[in-house]
Amino acid sequence: MSLSRFSPVRRRLLQGSTLAAASGFAGIMGALHSRNAMAAAGKQTASALSPYGALSPVADQTTGLPLLQLPAGFSYRSYGWTGDPMSDGRPTPSLHDGMAVVTSRRVGRNSELVLVRNHERGLVTTPNDAIIAPHNYSTGLINGIITVYYGSLPIRIGASGIVTNPAAAAPAPFLGYAAGGTTNLLMRDNQWVGARSSIGGTLGNCAGGPTPWGSWLTCEETIYDFSAIGGKRHGYVFEVDNDPEGSIADPIVEMGRFVHEAVAIDPATGYAYLTEDNRNLSALFRYVPIDTTPAPGSLQRGGRLQAARIRSIIRQAAALTLDKVNDIGLLNPDIGDEYELEWADIADPDADPMVVVGQPGGISMGFMAGPTYQAMAQGCARMSRGEGIWYSAGKLYIVDTAAGIDGSNRIGYGEGAVWELTLATMRLRAVFVSGNQTAGNNPDNVTVSPRGGVVLCEDGGASTDVYGSGSRLLGLTEGGEAYIFCKNNVVLDASQLQAAGKLTPPADNRSSEFCGACFDPTGRILFANIQTPGITVAITGPWGRGNL
């Protein structure tokens with residue numbers, strides 16, 4: 001399959017850039033900092049002690065391959081690898097990403113689970129390489145260059161990058177078919193049944209979120225407009241049904257056209273809360289639907305988009321004015337920072353992006369989504385890179401994967417933070433802030449178990465710790481300290497893949513991100529994806545030993 005991965009180009013355009021074996025459990029104990037020391041520093045700088053114990057490689061019960069490191073007593077099975085045949089005979093798409101269990105049901109004497117899984121794909125060379133679902137958004141050939149303007153300055157955007165010099169050669173054109181989308185996975189009595197394509201013709205389907213009525217909202221993490229070169233406008237949310245035939249391939253336009261990451265719905269009000277991943281050019285949004293009926297299609301009937309604004313400072317380590325807090329306060333938080341939010345209406349949720357200059361973190365020029373531009377004009381709160389968001393027991397857990405500072409002291413280039421938003425009071429509190437890669441390496445997707453435990457998926461590359469190199473699934477203690485629960489151990493050679501009947505190329509994929517973590521309603525199974533080579537795993541074990 002010829003595939004041009006979406007993410008590198010998306011990051012250039014949309015995130016504000018200028019154009020060894022474990023040494024034993026005692027080793028972890030020796031590296032710990034006290035909670036008081038972390039609070040004094042404002043950020044966590046070492047892994048907390050895991051209630052589940054030390055990790056070691058564990059063989060996959062499906063393939064026999066040691067894909068994960070897990071605590072003693074935990075096991076897993078892998079499913080739906082890239083290239084595996086689906087129920088319709090087509091190969092499983094690549095670049096697995098956000099995911100959730102959307103339906104748990106009884107069918108006769110059997111128990112079934114339906115999961116929806118995103119695929120964060122860009123353009124492919126032939127229509128047959130795209131996801132072909134019962135309903136598809138964009139199916140035409142995209143061929144050309146996008147031109148936008150900063151004043152009278154033309155900015156040309158193509159597959160090879162961005163050109164701001166009018167006298168320079170044009171970038172290579174975009175050429176291909178929109179290949180993002182989703183697949184629906186079916187488990188029966190906790191056994192794999194198969195998968196089907198459920199929506200296609202979208203771009204950069206990074207994350208999304210489940211609805212209380214049993215569907216999935218898939219989000220496009222891009223604001224490309226291909227409508228003048230054979231395609232369509234992108235940057236929207238789509239609703240995916242638990243039955244692929246019922247999916248809606250029309251965007252929910254009033255939920256906003258911006259660099260979407262994830263969405264969570266408050267079941268008490270029906271309001272949808274949405275994150276944006278566009279470095280230092282992001283807002284936190286809320287969609288107030290006209291029709292709050294808990295049923296597929298209700299969000300399509302229209303609503304009001306709003307953006308969060310800090311109304312008052314409850315607790316803050318840095319001495320900033322209210323205006324300054326809204327502008328940069330969330331970009332480099334300390335543990336315990338707390339604010340009260342209000343919401344500002346966005347007049348045009350489908351507005352075109354704007355070229356902006358002189359943004360925080362040393363961003364000299366970037367592309368800000370139209371709704372975000374309107375939010376900033378009203379003094380709304382700026383985030384760095386909003387990622388996962390999950391509802392649990394009247395609260396939202398919101399991840400900013402780049403909150404903090406880097407070695408050059410740039411704000412919004414840190415290791416990440418987790419915010420807790422209490423919906424009844426609209427109070428936003430920083431419950432976890434990473435001070436280095438050991439404590440947390442750019443957490444991304446987030447989920448909460450039925451027992452109330454928070455799980456974070458890392459997306460900062462290979463974290464190096466006492467267990468060696470590899471991305472991780474982190475748990476948060478009740479006090480907000482991050483600990484290591486699982487580690488990516490995918491290093492596979494050609495003979496191993498051939499013996500397992502897998503079509504993915506041999507590689508060391510330990511740096512590939514974890515994504516799509518979610519529990520089944522009983523809390524017995526934690527599902528997760530490893531984006532590359534594209535694997536879904538189902539983890540079981542003695543969850544009661546800890547808080548997950």
# chains A, B, ... in the order shown; residues from 1 in each chain; ligands from 1
$ residues_around --residues "Thr425 in chain A" --least-positions-apart "3" --cutoff "9 Å" --atoms "only C-alpha atoms" --output "JSON, numbers by chain"
{"A": [340, 341, 421, 422, 428]}
$ write_last_selection --atoms "N, CA, C and O atoms" --output "PDB file, in the first residue's frame"
ATOM      1  N   GLU A 340     -11.519  29.225  37.360  1.00  0.00           N
ATOM      2  CA  GLU A 340     -12.937  29.090  37.057  1.00  0.00           C
ATOM      3  C   GLU A 340     -13.174  29.529  35.625  1.00  0.00           C
ATOM      4  O   GLU A 340     -12.691  30.589  35.211  1.00  0.00           O
ATOM      5  N   LEU A 341     -13.923  28.712  34.867  1.00  0.00           N
ATOM      6  CA  LEU A 341     -14.142  28.976  33.450  1.00  0.00           C
ATOM      7  C   LEU A 341     -15.513  29.573  33.195  1.00  0.00           C
ATOM      8  O   LEU A 341     -16.469  29.339  33.930  1.00  0.00           O
ATOM      9  N   LEU A 421     -11.584  19.089  34.979  1.00  0.00           N
ATOM     10  CA  LEU A 421     -12.636  20.101  34.940  1.00  0.00           C
ATOM     11  C   LEU A 421     -13.874  19.556  35.645  1.00  0.00           C
ATOM     12  O   LEU A 421     -14.475  18.577  35.186  1.00  0.00           O
ATOM     13  N   THR A 422     -14.246  20.169  36.765  1.00  0.00           N
ATOM     14  CA  THR A 422     -15.463  19.795  37.477  1.00  0.00           C
ATOM     15  C   THR A 422     -16.626  20.547  36.847  1.00  0.00           C
ATOM     16  O   THR A 422     -16.698  21.780  36.914  1.00  0.00           O
ATOM     17  N   LEU A 428     -11.281  24.358  36.756  1.00  0.00           N
ATOM     18  CA  LEU A 428     -10.258  23.627  36.016  1.00  0.00           C
ATOM     19  C   LEU A 428      -9.000  23.575  36.873  1.00  0.00           C
ATOM     20  O   LEU A 428      -8.451  24.617  37.241  1.00  0.00           O
TER      21      LEU A 428
END
$ residues_around --residues "Tyr273 in chain A" --least-positions-apart "3" --cutoff "7 Å" --atoms "only C-alpha atoms" --output "CSV table (one decimal) with N, CA and C atoms, in the first residue's frame"
chain,number,residue,atom,x,y,z
A,263,VAL,N,-13.2,14.4,21.9
A,263,VAL,CA,-14.4,15.0,22.3
A,263,VAL,C,-15.0,14.1,23.4
A,264,ALA,N,-15.6,14.8,24.4
A,264,ALA,CA,-16.3,14.0,25.5
A,264,ALA,C,-17.7,14.7,25.7
A,265,ILE,N,-18.7,13.9,26.0
A,265,ILE,CA,-20.0,14.4,26.1
A,265,ILE,C,-20.4,14.3,27.6
A,285,PHE,N,-13.0,23.9,23.4
A,285,PHE,CA,-14.4,24.3,22.9
A,285,PHE,C,-15.5,23.5,23.6
A,286,ARG,N,-16.7,24.0,23.5
A,286,ARG,CA,-17.9,23.3,23.9
A,286,ARG,C,-19.0,23.5,22.9
A,287,TYR,N,-19.7,22.4,22.6
A,287,TYR,CA,-20.8,22.5,21.6
A,287,TYR,C,-22.1,22.2,22.4
$ closest_atom_pairs --of "range 59-140 of chain A" --to "range 387-408 of chain A" --cutoff "12 Å" --atoms "only C-alpha atoms" --output "CSV"
residue,atom,partner,partner_atom,distance
A:Asp97,CA,A:Gly388,CA,11.4
A:Gly98,CA,A:Gly388,CA,8.9
A:Met99,CA,A:Gly388,CA,11.1
A:Ala100,CA,A:Trp390,CA,10.7
$ write_last_selection --atoms "all heavy atoms" --output "mmCIF file, in the first residue's frame"
data_model
loop_
_atom_site.group_PDB
_atom_site.id
_atom_site.type_symbol
_atom_site.label_atom_id
_atom_site.label_comp_id
_atom_site.auth_asym_id
_atom_site.auth_seq_id
_atom_site.Cartn_x
_atom_site.Cartn_y
_atom_site.Cartn_z
ATOM 1 N N ASP A 97 -5.477 4.619 15.896
ATOM 2 C CA ASP A 97 -5.401 5.756 16.818
ATOM 3 C C ASP A 97 -6.523 5.684 17.843
ATOM 4 O O ASP A 97 -6.726 4.653 18.465
ATOM 5 C CB ASP A 97 -5.395 7.083 16.057
ATOM 6 C CG ASP A 97 -4.601 8.148 16.790
ATOM 7 O OD1 ASP A 97 -4.991 8.500 17.918
ATOM 8 O OD2 ASP A 97 -3.596 8.641 16.248
ATOM 9 N N GLY A 98 -7.287 6.774 18.041
ATOM 10 C CA GLY A 98 -8.308 6.813 19.079
ATOM 11 C C GLY A 98 -9.329 5.696 18.940
ATOM 12 O O GLY A 98 -9.605 5.207 17.836
ATOM 13 N N MET A 99 -9.927 5.300 20.068
ATOM 14 C CA MET A 99 -10.824 4.138 20.051
ATOM 15 C C MET A 99 -11.655 4.138 21.330
ATOM 16 O O MET A 99 -11.252 4.697 22.352
ATOM 17 C CB MET A 99 -9.985 2.857 19.959
ATOM 18 C CG MET A 99 -10.751 1.551 19.901
ATOM 19 S SD MET A 99 -9.625 0.141 19.576
ATOM 20 C CE MET A 99 -8.679 0.108 21.121
ATOM 21 N N ALA A 100 -12.809 3.511 21.270
ATOM 22 C CA ALA A 100 -13.625 3.323 22.471
ATOM 23 C C ALA A 100 -14.589 2.170 22.252
ATOM 24 O O ALA A 100 -14.943 1.830 21.113
ATOM 25 C CB ALA A 100 -14.402 4.593 22.827
#
$ closest_residue --among "A:Leu123, A:Ala538, A:Leu185, A:Ala317" --to "Thr92 in chain A" --atoms "only C-alpha atoms"
A:Leu185
$ atom_distance --atom1 "CA of Gly460 in chain A" --atom2 "CA of Arg156 in chain A"
29.4 Å
$ closest_residue --among "A:Asp350, A:Glu481, A:Asp520, A:Asp266" --to "Met187 in chain A" --atoms "only C-alpha atoms"
A:Asp520
$ closest_residue --among "A:Pro134, A:Pro210, A:Gly230, A:Gly461" --to "Gln531 in chain A" --atoms "only C-alpha atoms"
A:Gly461
$ atom_distance --atom1 "CA of Thr126 in chain A" --atom2 "CA of Ser94 in chain A"
15.2 Å
$ select_by_dssp --residues "range 312-488 of chain A" --states "strand (DSSP E or B)" --output "number ranges by chain"
A: 312-315, 338-345, 354-359, 363-368, 383-392, 395-400, 405, 411, 417-422, 427-434, 443-448, 454-458, 463-465, 468-470, 472-476, 482-488
$ residues_around --residues "range 193-199 of chain A" --least-positions-apart "5" --cutoff "7 Å" --atoms "only C-alpha atoms" --output "number ranges by chain"
A: 86-88, 131-136, 181-188, 240, 244, 247, 249
$ atom_distance --atom1 "CA of Asn205 in chain A" --atom2 "CA of Thr103 in chain A"
20.4 Å
$ residues_around --residues "Pro251 in chain A" --least-positions-apart "4" --cutoff "9 Å" --atoms "only C-alpha atoms" --output "count of residues only"
9
$ select_by_dssp --residues "range 120-360 of chain A" --states "helix (DSSP H, G or I)" --output "list in words"
Pro127, Asn128, Asp129, Pro244, Glu245, Gly246, Val253, Glu254, Met255, Ser298, Leu299, Gln300, Arg301, Leu322, Asp323, Lys324, Val325, Asn326, Asp327, Ile328, Gly329, Leu330 and Leu331 of chain A
$ closest_residue --among "A:Ala283, A:Val114, A:Val259, A:Ala319" --to "Ala344 in chain A" --atoms "only C-alpha atoms"
A:Ala283
$ decode --residues "range 173-194 of chain A" --atoms "N, CA, C and O atoms" --output "PDB file, in the first residue's frame"
ATOM      1  N   PRO A 173       2.899  19.111  -5.380  1.00  0.00           N
ATOM      2  CA  PRO A 173       1.449  19.178  -5.151  1.00  0.00           C
ATOM      3  C   PRO A 173       0.939  18.016  -4.317  1.00  0.00           C
ATOM      4  O   PRO A 173       1.544  16.941  -4.270  1.00  0.00           O
ATOM      5  N   PHE A 174      -0.162  18.247  -3.646  1.00  0.00           N
ATOM      6  CA  PHE A 174      -0.893  17.137  -3.051  1.00  0.00           C
ATOM      7  C   PHE A 174      -1.428  16.279  -4.191  1.00  0.00           C
ATOM      8  O   PHE A 174      -1.932  16.782  -5.194  1.00  0.00           O
ATOM      9  N   LEU A 175      -1.329  14.976  -4.035  1.00  0.00           N
ATOM     10  CA  LEU A 175      -1.819  14.069  -5.071  1.00  0.00           C
ATOM     11  C   LEU A 175      -2.262  12.770  -4.412  1.00  0.00           C
ATOM     12  O   LEU A 175      -1.443  12.039  -3.844  1.00  0.00           O
ATOM     13  N   GLY A 176      -3.550  12.501  -4.462  1.00  0.00           N
ATOM     14  CA  GLY A 176      -4.036  11.251  -3.900  1.00  0.00           C
ATOM     15  C   GLY A 176      -5.476  11.348  -3.433  1.00  0.00           C
ATOM     16  O   GLY A 176      -6.197  12.295  -3.754  1.00  0.00           O
ATOM     17  N   TYR A 177      -5.866  10.367  -2.659  1.00  0.00           N
ATOM     18  CA  TYR A 177      -7.236  10.226  -2.182  1.00  0.00           C
ATOM     19  C   TYR A 177      -7.257  10.243  -0.654  1.00  0.00           C
ATOM     20  O   TYR A 177      -6.365   9.688  -0.004  1.00  0.00           O
ATOM     21  N   ALA A 178      -8.261  10.884  -0.091  1.00  0.00           N
ATOM     22  CA  ALA A 178      -8.389  10.954   1.363  1.00  0.00           C
ATOM     23  C   ALA A 178      -8.582   9.549   1.927  1.00  0.00           C
ATOM     24  O   ALA A 178      -9.529   8.854   1.560  1.00  0.00           O
ATOM     25  N   ALA A 179      -7.684   9.157   2.840  1.00  0.00           N
ATOM     26  CA  ALA A 179      -7.649   7.758   3.267  1.00  0.00           C
ATOM     27  C   ALA A 179      -7.903   7.551   4.753  1.00  0.00           C
ATOM     28  O   ALA A 179      -7.736   6.454   5.266  1.00  0.00           O
ATOM     29  N   GLY A 180      -8.287   8.628   5.471  1.00  0.00           N
ATOM     30  CA  GLY A 180      -8.611   8.449   6.879  1.00  0.00           C
ATOM     31  C   GLY A 180      -9.969   7.810   7.068  1.00  0.00           C
ATOM     32  O   GLY A 180     -10.742   7.644   6.115  1.00  0.00           O
ATOM     33  N   GLY A 181     -10.270   7.468   8.301  1.00  0.00           N
ATOM     34  CA  GLY A 181     -11.574   6.882   8.592  1.00  0.00           C
ATOM     35  C   GLY A 181     -11.553   6.024   9.832  1.00  0.00           C
ATOM     36  O   GLY A 181     -10.678   6.167  10.704  1.00  0.00           O
ATOM     37  N   THR A 182     -12.515   5.119   9.905  1.00  0.00           N
ATOM     38  CA  THR A 182     -12.680   4.278  11.090  1.00  0.00           C
ATOM     39  C   THR A 182     -13.009   2.847  10.701  1.00  0.00           C
ATOM     40  O   THR A 182     -13.503   2.576   9.604  1.00  0.00           O
ATOM     41  N   THR A 183     -12.742   1.948  11.630  1.00  0.00           N
ATOM     42  CA  THR A 183     -13.188   0.557  11.515  1.00  0.00           C
ATOM     43  C   THR A 183     -13.925   0.173  12.790  1.00  0.00           C
ATOM     44  O   THR A 183     -13.599   0.658  13.871  1.00  0.00           O
ATOM     45  N   ASN A 184     -14.937  -0.658  12.655  1.00  0.00           N
ATOM     46  CA  ASN A 184     -15.688  -1.179  13.797  1.00  0.00           C
ATOM     47  C   ASN A 184     -15.219  -2.586  14.107  1.00  0.00           C
ATOM     48  O   ASN A 184     -15.144  -3.438  13.206  1.00  0.00           O
ATOM     49  N   LEU A 185     -14.916  -2.842  15.375  1.00  0.00           N
ATOM     50  CA  LEU A 185     -14.409  -4.134  15.820  1.00  0.00           C
ATOM     51  C   LEU A 185     -15.487  -4.835  16.629  1.00  0.00           C
ATOM     52  O   LEU A 185     -16.148  -4.210  17.469  1.00  0.00           O
ATOM     53  N   LEU A 186     -15.659  -6.116  16.406  1.00  0.00           N
ATOM     54  CA  LEU A 186     -16.683  -6.895  17.107  1.00  0.00           C
ATOM     55  C   LEU A 186     -16.017  -7.993  17.932  1.00  0.00           C
ATOM     56  O   LEU A 186     -15.231  -8.788  17.410  1.00  0.00           O
ATOM     57  N   MET A 187     -16.348  -7.990  19.241  1.00  0.00           N
ATOM     58  CA  MET A 187     -15.920  -9.056  20.150  1.00  0.00           C
ATOM     59  C   MET A 187     -17.176  -9.771  20.642  1.00  0.00           C
ATOM     60  O   MET A 187     -18.183  -9.130  20.961  1.00  0.00           O
ATOM     61  N   ARG A 188     -17.111 -11.095  20.686  1.00  0.00           N
ATOM     62  CA  ARG A 188     -18.236 -11.889  21.207  1.00  0.00           C
ATOM     63  C   ARG A 188     -17.719 -12.810  22.299  1.00  0.00           C
ATOM     64  O   ARG A 188     -16.796 -13.599  22.070  1.00  0.00           O
ATOM     65  N   ASP A 189     -18.290 -12.668  23.485  1.00  0.00           N
ATOM     66  CA  ASP A 189     -17.833 -13.422  24.656  1.00  0.00           C
ATOM     67  C   ASP A 189     -16.322 -13.276  24.826  1.00  0.00           C
ATOM     68  O   ASP A 189     -15.594 -14.246  25.082  1.00  0.00           O
ATOM     69  N   ASN A 190     -15.872 -12.037  24.643  1.00  0.00           N
ATOM     70  CA  ASN A 190     -14.464 -11.654  24.789  1.00  0.00           C
ATOM     71  C   ASN A 190     -13.539 -12.328  23.785  1.00  0.00           C
ATOM     72  O   ASN A 190     -12.323 -12.384  23.998  1.00  0.00           O
ATOM     73  N   GLN A 191     -14.098 -12.811  22.704  1.00  0.00           N
ATOM     74  CA  GLN A 191     -13.302 -13.399  21.631  1.00  0.00           C
ATOM     75  C   GLN A 191     -13.461 -12.553  20.368  1.00  0.00           C
ATOM     76  O   GLN A 191     -14.547 -12.060  20.071  1.00  0.00           O
ATOM     77  N   TRP A 192     -12.382 -12.433  19.633  1.00  0.00           N
ATOM     78  CA  TRP A 192     -12.380 -11.648  18.403  1.00  0.00           C
ATOM     79  C   TRP A 192     -13.288 -12.278  17.353  1.00  0.00           C
ATOM     80  O   TRP A 192     -13.223 -13.487  17.095  1.00  0.00           O
ATOM     81  N   VAL A 193     -14.157 -11.447  16.740  1.00  0.00           N
ATOM     82  CA  VAL A 193     -15.016 -11.911  15.649  1.00  0.00           C
ATOM     83  C   VAL A 193     -14.542 -11.333  14.326  1.00  0.00           C
ATOM     84  O   VAL A 193     -14.382 -12.062  13.342  1.00  0.00           O
ATOM     85  N   GLY A 194     -14.308 -10.032  14.277  1.00  0.00           N
ATOM     86  CA  GLY A 194     -13.848  -9.422  13.032  1.00  0.00           C
ATOM     87  C   GLY A 194     -14.013  -7.918  13.061  1.00  0.00           C
ATOM     88  O   GLY A 194     -14.373  -7.318  14.069  1.00  0.00           O
TER      89      GLY A 194
END
